[in-house]
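For reference, start.txt (compact mmCIF, C-alpha atoms and all ligand atoms):
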```
# COMPACT_ATOMS: atom_id res chain seq x y z
CA MET Y 1 27.93 -1.04 0.68
CA LYS Y 2 30.40 -3.92 0.70
CA ASP Y 3 29.11 -7.50 0.87
CA THR Y 4 30.78 -7.78 4.27
CA GLN Y 5 28.54 -5.08 5.80
CA ASP Y 6 25.61 -6.44 7.84
CA PRO Y 7 22.58 -4.44 6.56
CA ARG Y 8 20.67 -4.88 9.83
CA THR Y 9 23.08 -2.53 11.57
CA LEU Y 10 22.22 0.28 9.12
CA SER Y 11 19.39 2.79 9.28
CA ALA Y 12 16.40 2.67 6.96
CA ARG Y 13 17.69 5.56 4.82
CA THR Y 14 20.87 3.63 4.08
CA ARG Y 15 19.09 0.34 3.44
CA ALA Y 16 16.69 2.13 1.06
CA VAL Y 17 19.69 2.93 -1.13
CA HIS Y 18 21.71 -0.28 -0.83
CA ALA Y 19 19.70 -3.28 0.44
CA GLY Y 20 19.18 -6.11 -2.01
CA THR Y 21 21.70 -4.85 -4.60
CA ARG Y 22 23.02 -7.57 -6.92
CA ARG Y 23 25.94 -6.46 -9.07
CA SER Y 24 26.70 -8.13 -12.38
CA GLN Y 25 30.22 -8.86 -13.62
CA TYR Y 26 30.38 -5.26 -14.91
CA GLY Y 27 30.24 -3.69 -11.47
CA GLU Y 28 27.52 -1.18 -12.39
CA VAL Y 29 26.71 1.47 -9.76
CA SER Y 30 23.02 1.83 -10.59
CA GLU Y 31 21.08 -1.40 -10.37
CA ALA Y 32 20.81 -3.21 -13.70
CA MET Y 33 17.46 -3.83 -15.30
CA PHE Y 34 17.42 -7.49 -16.25
CA LEU Y 35 14.72 -7.26 -18.87
CA THR Y 36 14.61 -10.99 -19.54
CA GLN Y 37 11.85 -13.56 -19.25
CA GLY Y 38 14.14 -16.58 -19.21
CA PHE Y 39 17.60 -17.72 -18.12
CA VAL Y 40 20.12 -19.92 -19.96
CA TYR Y 41 21.33 -23.18 -18.40
CA ASP Y 42 24.81 -24.29 -19.48
CA THR Y 43 23.78 -27.94 -19.49
CA ALA Y 44 20.65 -30.07 -19.38
CA GLU Y 45 21.78 -31.31 -15.98
CA ILE Y 46 21.85 -27.76 -14.64
CA ALA Y 47 18.33 -27.14 -15.99
CA GLU Y 48 17.10 -30.33 -14.32
CA ALA Y 49 18.70 -29.39 -11.01
CA ARG Y 50 17.32 -25.85 -11.11
CA PHE Y 51 13.76 -27.10 -11.69
CA GLN Y 52 14.20 -29.52 -8.78
CA LYS Y 53 15.32 -26.77 -6.44
CA ALA Y 54 16.45 -23.29 -7.42
CA GLY Y 55 19.16 -21.83 -5.18
CA PRO Y 56 18.87 -18.38 -3.62
CA ASP Y 57 20.12 -16.46 -6.67
CA GLU Y 58 19.11 -18.90 -9.38
CA PHE Y 59 16.26 -18.00 -11.69
CA ILE Y 60 14.06 -20.00 -14.06
CA TYR Y 61 11.41 -17.74 -15.53
CA ALA Y 62 10.36 -14.16 -14.77
CA ARG Y 63 6.91 -15.23 -13.59
CA TYR Y 64 8.75 -17.04 -10.75
CA GLY Y 65 11.49 -14.49 -10.16
CA ASN Y 66 14.06 -12.22 -11.82
CA PRO Y 67 17.22 -10.55 -10.51
CA THR Y 68 15.81 -7.00 -10.72
CA VAL Y 69 12.58 -8.10 -9.08
CA ALA Y 70 14.60 -9.89 -6.38
CA MET Y 71 16.55 -6.70 -5.67
CA PHE Y 72 13.29 -4.83 -5.17
CA GLU Y 73 11.84 -7.61 -2.98
CA ASP Y 74 14.91 -7.71 -0.75
CA ARG Y 75 15.06 -3.93 -0.46
CA ILE Y 76 11.44 -3.44 0.56
CA ALA Y 77 11.51 -6.44 2.93
CA SER Y 78 14.51 -4.84 4.60
CA LEU Y 79 12.61 -1.55 5.00
CA GLU Y 80 9.42 -3.20 6.22
CA GLY Y 81 11.33 -5.41 8.66
CA THR Y 82 10.10 -8.72 7.27
CA GLU Y 83 12.15 -11.76 6.31
CA ASP Y 84 11.01 -11.73 2.70
CA ALA Y 85 8.70 -10.18 0.11
CA PHE Y 86 7.04 -11.17 -3.17
CA ALA Y 87 6.52 -8.45 -5.79
CA THR Y 88 3.28 -8.45 -7.76
CA ALA Y 89 1.88 -6.85 -10.90
CA SER Y 90 -0.32 -4.43 -8.94
CA GLY Y 91 -1.51 -3.67 -5.44
CA MET Y 92 -4.62 -5.72 -6.10
CA ALA Y 93 -2.55 -8.73 -7.18
CA ALA Y 94 -0.84 -8.43 -3.78
CA VAL Y 95 -4.09 -8.19 -1.80
CA ASN Y 96 -5.70 -10.99 -3.79
CA GLY Y 97 -2.55 -13.13 -3.68
CA ALA Y 98 -2.03 -12.74 0.07
CA LEU Y 99 -5.64 -13.71 0.83
CA THR Y 100 -6.34 -16.34 -1.83
CA SER Y 101 -3.04 -18.17 -1.36
CA MET Y 102 -3.74 -18.87 2.32
CA LEU Y 103 -7.54 -19.34 2.37
CA ARG Y 104 -9.68 -22.29 1.38
CA ALA Y 105 -13.39 -23.18 1.37
CA GLY Y 106 -14.83 -23.25 4.87
CA ASP Y 107 -12.44 -20.64 6.27
CA HIS Y 108 -13.62 -17.57 8.18
CA VAL Y 109 -12.24 -14.04 7.76
CA VAL Y 110 -13.01 -10.83 9.61
CA SER Y 111 -12.44 -7.60 7.67
CA ALA Y 112 -12.81 -3.90 8.29
CA ARG Y 113 -15.67 -2.47 6.23
CA ALA Y 114 -13.86 0.70 5.17
CA LEU Y 115 -11.81 -0.63 2.26
CA PHE Y 116 -10.55 0.47 -1.13
CA GLY Y 117 -13.23 -0.50 -3.67
CA SER Y 118 -11.32 -3.39 -5.27
CA CYS Y 119 -10.32 -4.80 -1.86
CA LEU Y 120 -14.00 -4.76 -0.93
CA TYR Y 121 -14.81 -6.64 -4.16
CA ILE Y 122 -12.37 -9.43 -3.23
CA LEU Y 123 -13.69 -9.78 0.31
CA GLU Y 124 -17.37 -9.26 -0.43
CA ASP Y 125 -17.75 -10.96 -3.84
CA VAL Y 126 -14.79 -13.21 -4.69
CA LEU Y 127 -13.93 -15.00 -1.45
CA PRO Y 128 -17.56 -15.97 -0.60
CA ARG Y 129 -17.89 -17.48 -4.10
CA TYR Y 130 -15.20 -19.97 -3.11
CA GLY Y 131 -16.76 -20.79 0.22
CA VAL Y 132 -14.85 -18.38 2.46
CA ALA Y 133 -17.12 -16.65 4.99
CA VAL Y 134 -16.30 -12.97 5.58
CA ASP Y 135 -17.72 -10.84 8.39
CA PHE Y 136 -17.30 -7.05 8.20
CA VAL Y 137 -16.77 -4.78 11.19
CA ASP Y 138 -16.18 -1.11 11.92
CA GLY Y 139 -12.38 -1.27 11.86
CA THR Y 140 -12.00 1.42 14.52
CA ASP Y 141 -14.10 -0.52 17.08
CA LEU Y 142 -12.05 -3.11 18.99
CA ASP Y 143 -15.23 -4.47 20.62
CA ALA Y 144 -16.63 -5.17 17.16
CA TRP Y 145 -13.44 -7.05 16.20
CA ASN Y 146 -13.64 -8.97 19.45
CA GLY Y 147 -17.25 -9.92 18.77
CA ALA Y 148 -16.61 -11.05 15.19
CA ILE Y 149 -13.36 -13.00 15.62
CA ARG Y 150 -14.16 -16.69 16.26
CA PRO Y 151 -12.02 -19.57 17.51
CA ASP Y 152 -11.83 -20.80 13.89
CA THR Y 153 -11.07 -17.40 12.27
CA LYS Y 154 -8.19 -17.84 9.81
CA ALA Y 155 -7.35 -14.23 9.04
CA VAL Y 156 -8.21 -10.61 9.71
CA PHE Y 157 -7.82 -7.97 7.02
CA PHE Y 158 -7.86 -4.18 7.18
CA GLU Y 159 -6.33 -0.98 5.83
CA SER Y 160 -4.31 0.55 8.67
CA VAL Y 161 -5.54 3.96 7.47
CA SER Y 162 -8.72 3.73 5.43
CA ASN Y 163 -9.42 5.29 2.06
CA PRO Y 164 -10.82 7.97 1.79
CA ALA Y 165 -12.15 8.79 5.30
CA LEU Y 166 -8.71 8.19 6.87
CA GLU Y 167 -9.97 6.09 9.79
CA VAL Y 168 -7.10 4.60 11.77
CA VAL Y 169 -7.19 0.96 12.88
CA ASP Y 170 -5.40 -0.08 16.08
CA VAL Y 171 -2.96 -2.57 14.56
CA ALA Y 172 -1.68 -3.89 17.90
CA GLY Y 173 -5.18 -4.14 19.39
CA VAL Y 174 -6.58 -6.11 16.46
CA ALA Y 175 -3.44 -8.25 16.24
CA ASP Y 176 -3.75 -9.25 19.91
CA LEU Y 177 -7.36 -10.38 19.36
CA ALA Y 178 -6.48 -12.24 16.15
CA HIS Y 179 -3.38 -13.94 17.55
CA ALA Y 180 -5.36 -15.16 20.58
CA VAL Y 181 -7.20 -17.52 18.18
CA GLY Y 182 -4.23 -18.14 15.89
CA ALA Y 183 -5.56 -15.96 13.05
CA MET Y 184 -3.20 -14.22 10.59
CA VAL Y 185 -3.13 -10.43 10.54
CA ILE Y 186 -2.99 -9.10 6.98
CA VAL Y 187 -2.63 -5.32 6.69
CA ASP Y 188 -3.06 -3.18 3.58
CA ASN Y 189 -0.66 -0.43 4.55
CA VAL Y 190 -0.74 1.96 1.59
CA PHE Y 191 -1.73 5.12 3.44
CA ALA Y 192 0.76 4.52 6.27
CA THR Y 193 3.54 4.15 3.63
CA PRO Y 194 6.60 1.93 4.27
CA THR Y 195 8.32 5.05 5.68
CA PHE Y 196 5.89 5.57 8.57
CA SER Y 197 4.85 1.94 9.03
CA GLN Y 198 5.47 0.06 12.21
CA ALA Y 199 2.92 -2.60 11.26
CA VAL Y 200 5.24 -5.56 11.81
CA ASP Y 201 6.39 -4.33 15.22
CA LEU Y 202 2.73 -3.82 16.14
CA GLY Y 203 1.86 -7.42 15.27
CA ALA Y 204 1.02 -7.61 11.55
CA ASP Y 205 1.97 -10.98 10.04
CA VAL Y 206 1.65 -9.91 6.41
CA VAL Y 207 1.90 -6.34 5.09
CA VAL Y 208 0.76 -5.57 1.55
CA TYR Y 209 1.39 -2.43 -0.45
CA SER Y 210 0.23 -1.03 -3.72
CA THR Y 211 3.67 0.18 -4.80
CA THR Y 212 1.82 2.14 -7.50
CA LYS Y 213 1.46 4.81 -4.83
CA HIS Y 214 4.36 6.08 -2.70
CA VAL Y 215 7.00 3.53 -3.73
CA ASP Y 216 6.91 4.56 -7.38
CA GLY Y 217 5.98 8.04 -6.19
CA GLN Y 218 5.97 9.51 -9.68
CA GLY Y 219 2.86 7.94 -11.10
CA ARG Y 220 4.52 5.71 -13.70
CA CYS Y 221 4.01 2.00 -13.01
CA LEU Y 222 1.58 -0.36 -11.34
CA GLY Y 223 3.01 -2.67 -8.72
CA GLY Y 224 2.40 -4.38 -5.44
CA VAL Y 225 4.24 -6.37 -2.81
CA ILE Y 226 3.49 -8.94 -0.11
CA CYS Y 227 5.86 -8.69 2.88
CA GLY Y 228 5.99 -11.44 5.50
CA THR Y 229 7.91 -14.34 6.96
CA ARG Y 230 9.97 -16.49 4.59
CA ASP Y 231 7.59 -19.38 5.27
CA PHE Y 232 4.57 -17.34 4.21
CA VAL Y 233 6.16 -15.53 1.27
CA ARG Y 234 7.98 -18.52 -0.27
CA GLY Y 235 5.81 -21.34 1.09
CA VAL Y 236 2.30 -19.92 0.69
CA ALA Y 237 2.19 -16.79 -1.48
CA GLU Y 238 4.88 -17.62 -4.07
CA PRO Y 239 3.53 -21.02 -5.20
CA TYR Y 240 0.12 -19.45 -5.76
CA LEU Y 241 1.40 -16.31 -7.47
CA LYS Y 242 4.02 -17.89 -9.68
CA HIS Y 243 1.45 -20.26 -11.16
CA THR Y 244 -1.45 -17.81 -11.42
CA GLY Y 245 0.53 -15.04 -13.12
CA GLY Y 246 0.56 -12.05 -10.78
CA ALA Y 247 4.32 -11.39 -11.00
CA MET Y 248 5.80 -7.89 -11.26
CA SER Y 249 7.57 -7.09 -14.52
CA PRO Y 250 11.35 -6.48 -14.28
CA PHE Y 251 10.89 -3.02 -15.76
CA ASN Y 252 8.37 -2.05 -13.09
CA ALA Y 253 10.57 -3.60 -10.40
CA TRP Y 254 13.45 -1.42 -11.54
CA VAL Y 255 11.27 1.71 -11.32
CA MET Y 256 10.11 0.68 -7.83
CA LEU Y 257 13.66 -0.19 -6.72
CA LYS Y 258 14.90 3.27 -7.72
CA GLY Y 259 11.79 4.82 -6.18
CA LEU Y 260 12.71 3.33 -2.80
CA GLU Y 261 16.03 5.22 -2.84
CA HIS Y 262 14.28 8.57 -2.31
CA MET Y 263 10.92 7.45 -0.90
CA ASP Y 264 11.81 8.59 2.62
CA LEU Y 265 12.68 12.11 1.45
CA ARG Y 266 9.60 12.40 -0.75
CA VAL Y 267 7.10 10.97 1.71
CA ASN Y 268 8.39 13.05 4.60
CA ALA Y 269 8.10 16.24 2.53
CA GLN Y 270 4.63 15.27 1.28
CA ALA Y 271 3.44 14.39 4.79
CA ASP Y 272 4.71 17.74 6.11
CA THR Y 273 2.75 19.50 3.36
CA ALA Y 274 -0.40 17.45 4.11
CA LEU Y 275 -0.29 18.37 7.80
CA HIS Y 276 0.43 22.03 6.99
CA LEU Y 277 -2.56 22.16 4.65
CA ALA Y 278 -4.80 20.34 7.13
CA ARG Y 279 -3.88 22.76 9.93
CA SER Y 280 -4.27 25.81 7.72
CA LEU Y 281 -7.65 24.72 6.35
CA GLU Y 282 -9.26 23.69 9.62
CA GLY Y 283 -12.06 26.09 10.50
CA HIS Y 284 -12.46 27.38 6.93
CA PRO Y 285 -16.11 28.45 6.53
CA ALA Y 286 -16.62 26.38 3.34
CA LEU Y 287 -15.55 23.16 5.11
CA ALA Y 288 -17.64 21.01 7.44
CA ARG Y 289 -14.59 18.90 8.28
CA VAL Y 290 -10.89 18.60 7.63
CA ILE Y 291 -9.67 15.03 8.09
CA HIS Y 292 -6.03 14.17 8.67
CA PRO Y 293 -4.81 11.47 11.09
CA HIS Y 294 -2.47 13.83 12.95
CA LEU Y 295 -4.96 16.65 13.53
CA PRO Y 296 -6.06 16.79 17.20
CA THR Y 297 -9.68 16.78 15.96
CA HIS Y 298 -9.26 13.36 14.29
CA PRO Y 299 -11.28 10.75 16.25
CA GLN Y 300 -8.25 8.44 16.56
CA SER Y 301 -5.68 11.20 16.86
CA ALA Y 302 -3.85 9.67 19.87
CA LEU Y 303 -3.70 6.27 18.21
CA ALA Y 304 -2.51 7.80 14.93
CA GLN Y 305 0.24 9.70 16.78
CA ALA Y 306 1.36 6.52 18.54
CA GLN Y 307 1.17 4.31 15.47
CA MET Y 308 2.59 6.55 12.73
CA ALA Y 309 5.57 8.90 12.93
CA LYS Y 310 3.74 11.22 10.51
CA GLY Y 311 0.09 11.26 9.51
CA GLY Y 312 0.61 10.42 5.85
CA THR Y 313 0.47 12.34 2.60
CA VAL Y 314 -3.31 12.54 2.22
CA LEU Y 315 -5.99 14.75 3.76
CA SER Y 316 -9.72 14.74 3.11
CA LEU Y 317 -11.99 17.79 3.05
CA ASP Y 318 -15.75 17.73 3.48
CA LEU Y 319 -17.26 20.70 1.67
CA ARG Y 320 -20.44 22.11 3.17
CA GLY Y 321 -22.03 22.67 -0.22
CA GLY Y 322 -22.16 18.94 -1.12
CA LYS Y 323 -21.44 17.58 -4.58
CA GLU Y 324 -21.97 20.90 -6.39
CA ALA Y 325 -19.47 22.69 -4.17
CA ALA Y 326 -17.04 19.76 -4.41
CA PHE Y 327 -17.19 19.83 -8.22
CA ARG Y 328 -16.72 23.62 -8.30
CA PHE Y 329 -13.73 23.15 -5.99
CA LEU Y 330 -12.15 20.46 -8.20
CA ASN Y 331 -12.72 22.46 -11.36
CA ALA Y 332 -11.23 25.64 -9.86
CA LEU Y 333 -7.91 24.06 -8.81
CA ARG Y 334 -5.03 25.17 -11.02
CA ILE Y 335 -2.03 23.19 -9.70
CA VAL Y 336 -3.71 20.15 -8.16
CA VAL Y 337 -4.90 17.77 -10.89
CA ILE Y 338 -8.12 15.76 -10.86
CA SER Y 339 -7.21 12.07 -10.89
CA ASN Y 340 -7.45 9.02 -8.63
CA ASN Y 341 -3.90 7.95 -7.80
CA LEU Y 342 -2.16 9.04 -4.60
CA GLY Y 343 1.39 9.34 -3.33
CA ASP Y 344 2.44 10.94 -6.64
CA ALA Y 345 4.89 13.86 -6.91
CA LYS Y 346 1.97 15.77 -8.42
CA SER Y 347 -0.82 16.72 -6.04
CA ILE Y 348 -4.04 14.94 -6.93
CA VAL Y 349 -7.63 15.58 -5.93
CA THR Y 350 -10.37 12.93 -6.05
CA HIS Y 351 -14.13 13.05 -5.51
CA PRO Y 352 -14.63 9.52 -4.10
CA ALA Y 353 -18.46 9.48 -4.15
CA THR Y 354 -18.59 9.82 -7.95
CA THR Y 355 -15.38 7.98 -8.90
CA THR Y 356 -13.42 5.48 -6.78
CA HIS Y 357 -16.40 4.67 -4.53
CA GLN Y 358 -19.19 5.26 -7.08
CA ARG Y 359 -20.15 1.55 -7.01
CA LEU Y 360 -21.16 1.65 -3.33
CA SER Y 361 -24.77 2.14 -2.24
CA ASP Y 362 -25.69 5.46 -0.67
CA GLU Y 363 -26.14 3.62 2.62
CA THR Y 364 -22.62 2.14 2.52
CA LYS Y 365 -21.18 5.50 1.49
CA ALA Y 366 -22.84 7.08 4.52
CA ILE Y 367 -21.45 4.39 6.86
CA LEU Y 368 -17.97 4.96 5.44
CA GLY Y 369 -18.20 8.75 5.74
CA ILE Y 370 -18.14 9.23 1.96
CA THR Y 371 -20.39 12.27 1.89
CA PRO Y 372 -21.28 14.10 -1.37
CA GLY Y 373 -18.98 16.96 -0.33
CA LEU Y 374 -15.94 14.80 0.51
CA VAL Y 375 -12.78 15.32 -1.53
CA ARG Y 376 -9.48 13.50 -1.05
CA LEU Y 377 -6.29 15.45 -1.54
CA SER Y 378 -3.00 13.63 -2.06
CA CYS Y 379 -0.18 16.09 -1.48
CA GLY Y 380 2.70 16.02 -3.93
CA LEU Y 381 6.13 17.58 -3.98
CA GLU Y 382 5.10 21.08 -5.03
CA ASP Y 383 5.76 24.06 -2.75
CA ALA Y 384 3.37 23.92 0.23
CA GLY Y 385 2.61 27.64 -0.03
CA ASP Y 386 1.65 27.33 -3.70
CA LEU Y 387 -0.60 24.37 -2.89
CA LEU Y 388 -2.30 26.15 0.00
CA ALA Y 389 -2.94 29.20 -2.19
CA ASP Y 390 -4.38 26.93 -4.91
CA VAL Y 391 -6.70 25.18 -2.43
CA MET Y 392 -7.77 28.46 -0.78
CA GLY Y 393 -8.55 30.02 -4.15
CA ALA Y 394 -10.60 26.99 -5.20
CA LEU Y 395 -12.50 27.01 -1.89
CA ASP Y 396 -13.42 30.65 -2.57
CA ALA Y 397 -14.65 29.65 -6.01
CA ALA Y 398 -16.58 26.69 -4.54
CA GLY Y 399 -18.33 28.92 -2.02
CA ALA Y 400 -19.03 31.76 -4.45
CA ALA Y 401 -21.68 30.15 -6.67
C1 LIG F 1 -4.44 1.76 -4.69
C2 LIG F 1 -4.75 0.85 -3.60
C3 LIG F 1 -4.87 -0.53 -3.82
C4 LIG F 1 -4.75 -1.15 -5.19
O1 LIG F 1 -3.51 -0.96 -5.78
P1 LIG F 1 -3.27 -1.04 -7.36
O2 LIG F 1 -1.80 -0.89 -7.48
O3 LIG F 1 -4.05 0.05 -7.98
O4 LIG F 1 -3.75 -2.38 -7.82
C5 LIG F 1 -5.16 -1.34 -2.74
N1 LIG F 1 -5.33 -0.82 -1.50
C6 LIG F 1 -5.22 0.50 -1.26
C7 LIG F 1 -5.42 1.01 0.12
C8 LIG F 1 -4.93 1.38 -2.29
O5 LIG F 1 -4.85 2.69 -2.05
```
Let me see whether you can do it: turn the structure in this file into structure tokens.
Ligand SMILES: *Cc1c(COP(=O)(O)O)cnc(C)c1O
Amino acid sequence: MKDTQDPRTLSARTRAVHAGTRRSQYGEVSEAMFLTQGFVYDTAEIAEARFQKAGPDEFIYARYGNPTVAMFEDRIASLEGTEDAFATASGMAAVNGALTSMLRAGDHVVSARALFGSCLYILEDVLPRYGVAVDFVDGTDLDAWNGAIRPDTKAVFFESVSNPALEVVDVAGVADLAHAVGAMVIVDNVFATPTFSQAVDLGADVVVYSTTKHVDGQGRCLGGVICGTRDFVRGVAEPYLKHTGGAMSPFNAWVMLKGLEHMDLRVNAQADTALHLARSLEGHPALARVIHPHLPTHPQSALAQAQMAKGGTVLSLDLRGGKEAAFRFLNALRIVVISNNLGDAKSIVTHPATTTHQRLSDETKAILGITPGLVRLSCGLEDAGDLLADVMGALDAAGAA
């Protein structure tokens, strides 16, 4: 792509390969990894000027910014459709940074209850310690959002597709209620993936990702990103993050930047596999439920169809035989590995009740649909037929004992 080409006229697939590229004097084709903490100033006057106000492509220290990190930020902002983005050390640094940078004591937040464990920790434990009041609602219930949002509500927070029960939140519906009182809409969009996301078009003000998941896509690095308006990203999030130390390393940014080049291809293939497995497994005698946002039996199926071009790369299975059957199932899988990441090229199975969501009380687990028999399956890039055979074989083993 030549500098003269306006990237906004190009499709997402093209922007995923070219947006944000900064070429050094060597004219490298593949983006350079600027593995440097600091930057040399030719004179003391230049250093003074840069600390007063750094220009668009002027860097001071890697905690504030770095050329490789900037390439990644520009590329993902272009894909998400936001003016800017700030890359963080992990998904949790992004969630924490987005919320903590904009909130202060006395503020009120409304959050969906069905959250990733560490997100729940921030909203339930950390924010109240600093005087922020947080009310939790069933994210799928617009009446509940309406009842909880107050004239002084500062922000609403939710996962557009929840982990691990795959509940779908009506982004536009919640955004309308929030915007009516001037509250910010902050969406954790991991399960929707940047590829299938329309969160900004639907009214999200800030979209956060754990780039550890589909953006890396090969299970190598931790990372996160906060996407939003330039005012929010540079005026609110960046000052907080650059001084509190949540910056992404240039090495990780390079991995994420290269991951974006083929994310669309990977995520589309993985989502096709997830839907194929979900359809093939529905009605299996060992399963009480098969959960996937694009199955007609999903409670928010119509919303999920309208809101996401594909239903994502994850499906959840509720085994009739409870924890014992779930464990037999996990242990009998031969291709799918037992771990807790998702969006990886390798298919991964998780038993949330005893791992990622172990901390929750039995009551909360029940509210969130985290039954003893629930397993979460993140579909990788393996052949869909091989995966289905692996899952079918393990279901036989799970039912046999
Ligand atoms: C994984 C995940 C996070 C946290 O991301 P890390 O990169 O592990 O810090 C936050 N939200 C959701 C929905 C996730 O799946």
Which centre and which edge lengths, in Å to one decimal, describe the axis-aligned box that holds all listed atoms of ligand LIG 1 (chain F) after 5 Å is added on each side, as AutoDock Vina command-line options?
```
--center_x -3.6 --center_y 0.2 --center_z -3.9 --size_x 13.6 --size_y 15.1 --size_z 18.1
```
* Can you tell me how far atom CA of Leu319 of chain Y sits from atom CA of Ser347 of chain Y, in Å to one decimal? -> 18.6 Å
* Minimum-distance residue to Leu388 of chain Y, chosen among Y:His292, Y:Lys258, Y:Arg376, Y:His276 (using all atoms listed in the file) -> Y:His276
* Pick from Y:Leu177, Y:Ala16, Y:Ala172, Y:Leu360 nearest to Ser118 of chain Y, counting only C-alpha atoms -> Y:Leu360
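Minimum distance to Met263 of chain Y across Y:Thr82, Y:Thr195, Y:Ser90, Y:Thr313 (counting all atoms listed in the file) occurs at Y:Thr195.
When only C-alpha atoms and all ligand atoms are used to measure the gap to ligand LIG 1 (chain F), the shortest distance among Y:Lys213, Y:His294, Y:Lys346, Y:Arg220 belongs to Y:Lys213.
Taking only C-alpha atoms and all ligand atoms into account, ligand LIG 1 (chain F) has within 8 Å the residues Y:Ala89, Y:Ser90, Y:Gly91, Y:Met92, Y:Ala93, Y:Ala94, Y:Val95, Y:Leu115, Y:Phe116, Y:Ser118, Y:Cys119, Y:Glu159, Y:Val161, Y:Ser162, Y:Asn163, Y:Asp188, Y:Asn189, Y:Val190, Y:Phe191, Y:Tyr209, Y:Ser210, Y:Thr211, Y:Thr212, Y:Lys213, Y:Leu222, Y:Gly223, Y:Gly224, Y:Asn341, Y:Leu342.
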* If we count only C-alpha atoms, what is near segment 365-374 of chain Y at a cut-off of 9 Å, once residues fewer than 3 positions away on the same chain are taken out, given as an NGL selection string? -> :Y and (113-115 or 164-165 or 287-289 or 316-327 or 350-354 or 357-358 or 360-362)
* Do a neighbour search on segment 32-39 of chain Y at 9 Å with all atoms listed in the file, toss out local chain neighbours closer than 5 positions, and write the hits as an NGL selection string. => :Y and (22-24 or 58-63 or 66-69 or 249-251 or 253-254)
* Pick out the closest residue to Tyr121 of chain Y from this set: Y:Arg15, Y:Arg359, Y:His214, Y:His284. Count only C-alpha atoms. => Y:Arg359
* To do: Find the residue from Y:Ala133, Y:Leu395, Y:Leu10, Y:Leu265 that sits nearest to Leu333 of chain Y; use only C-alpha atoms when measuring.
  => Y:Leu395
* Structure fact -> Atom pair atom CA of Ile122 of chain Y + atom CA of Val200 of chain Y, distance 23.5 Å
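We find atom CA of Phe51 of chain Y and atom CA of Gly65 of chain Y to be spaced 12.9 Å apart.
Within 6 Å of the point (-7.9, -7.3, 13.2) in file coordinates, and counting only C-alpha atoms, lie the residues Val156, Val174, Ala175 and Ala178 of chain Y.
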* To do: Would you kindly return, as a ChimeraX atom specification, each protein, DNA or RNA residue with an atom no farther than 10 Å from any atom of Glu73 of chain Y, considering only C-alpha atoms and excluding same-chain residues fewer than 4 positions away?
  => /Y:19-20,65,67-69,77-78,84-88,225-227,253,256-257
Val185 of chain Y: which residues within 12 Å, counting all atoms listed in the file, same-chain residues fewer than 3 positions away excluded, as an mmCIF file with C-alpha atoms, in the coordinates of the input?
```cif
data_model
loop_
_atom_site.group_PDB
_atom_site.id
_atom_site.type_symbol
_atom_site.label_atom_id
_atom_site.label_comp_id
_atom_site.auth_asym_id
_atom_site.auth_seq_id
_atom_site.Cartn_x
_atom_site.Cartn_y
_atom_site.Cartn_z
ATOM 1 C CA ALA Y 98 -2.030 -12.740 0.070
ATOM 2 C CA LEU Y 99 -5.640 -13.710 0.830
ATOM 3 C CA MET Y 102 -3.740 -18.870 2.320
ATOM 4 C CA VAL Y 109 -12.240 -14.040 7.760
ATOM 5 C CA VAL Y 110 -13.010 -10.830 9.610
ATOM 6 C CA SER Y 111 -12.440 -7.600 7.670
ATOM 7 C CA ALA Y 112 -12.810 -3.900 8.290
ATOM 8 C CA ILE Y 149 -13.360 -13.000 15.620
ATOM 9 C CA THR Y 153 -11.070 -17.400 12.270
ATOM 10 C CA LYS Y 154 -8.190 -17.840 9.810
ATOM 11 C CA ALA Y 155 -7.350 -14.230 9.040
ATOM 12 C CA VAL Y 156 -8.210 -10.610 9.710
ATOM 13 C CA PHE Y 157 -7.820 -7.970 7.020
ATOM 14 C CA PHE Y 158 -7.860 -4.180 7.180
ATOM 15 C CA GLU Y 159 -6.330 -0.980 5.830
ATOM 16 C CA SER Y 160 -4.310 0.550 8.670
ATOM 17 C CA ASP Y 170 -5.400 -0.080 16.080
ATOM 18 C CA VAL Y 171 -2.960 -2.570 14.560
ATOM 19 C CA ALA Y 172 -1.680 -3.890 17.900
ATOM 20 C CA GLY Y 173 -5.180 -4.140 19.390
ATOM 21 C CA VAL Y 174 -6.580 -6.110 16.460
ATOM 22 C CA ALA Y 175 -3.440 -8.250 16.240
ATOM 23 C CA ASP Y 176 -3.750 -9.250 19.910
ATOM 24 C CA LEU Y 177 -7.360 -10.380 19.360
ATOM 25 C CA ALA Y 178 -6.480 -12.240 16.150
ATOM 26 C CA HIS Y 179 -3.380 -13.940 17.550
ATOM 27 C CA ALA Y 180 -5.360 -15.160 20.580
ATOM 28 C CA VAL Y 181 -7.200 -17.520 18.180
ATOM 29 C CA GLY Y 182 -4.230 -18.140 15.890
ATOM 30 C CA ASP Y 188 -3.060 -3.180 3.580
ATOM 31 C CA ASN Y 189 -0.660 -0.430 4.550
ATOM 32 C CA ALA Y 199 2.920 -2.600 11.260
ATOM 33 C CA VAL Y 200 5.240 -5.560 11.810
ATOM 34 C CA LEU Y 202 2.730 -3.820 16.140
ATOM 35 C CA GLY Y 203 1.860 -7.420 15.270
ATOM 36 C CA ALA Y 204 1.020 -7.610 11.550
ATOM 37 C CA ASP Y 205 1.970 -10.980 10.040
ATOM 38 C CA VAL Y 206 1.650 -9.910 6.410
ATOM 39 C CA VAL Y 207 1.900 -6.340 5.090
ATOM 40 C CA VAL Y 208 0.760 -5.570 1.550
ATOM 41 C CA CYS Y 227 5.860 -8.690 2.880
ATOM 42 C CA GLY Y 228 5.990 -11.440 5.500
#
```
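Residues in contact with Ala345 of chain Y at 6 Å, where all atoms listed in the file are counted and same-chain residues fewer than 5 positions away are skipped, are listed as Gly217, Gln218, Gly380 and Leu381 of chain Y.
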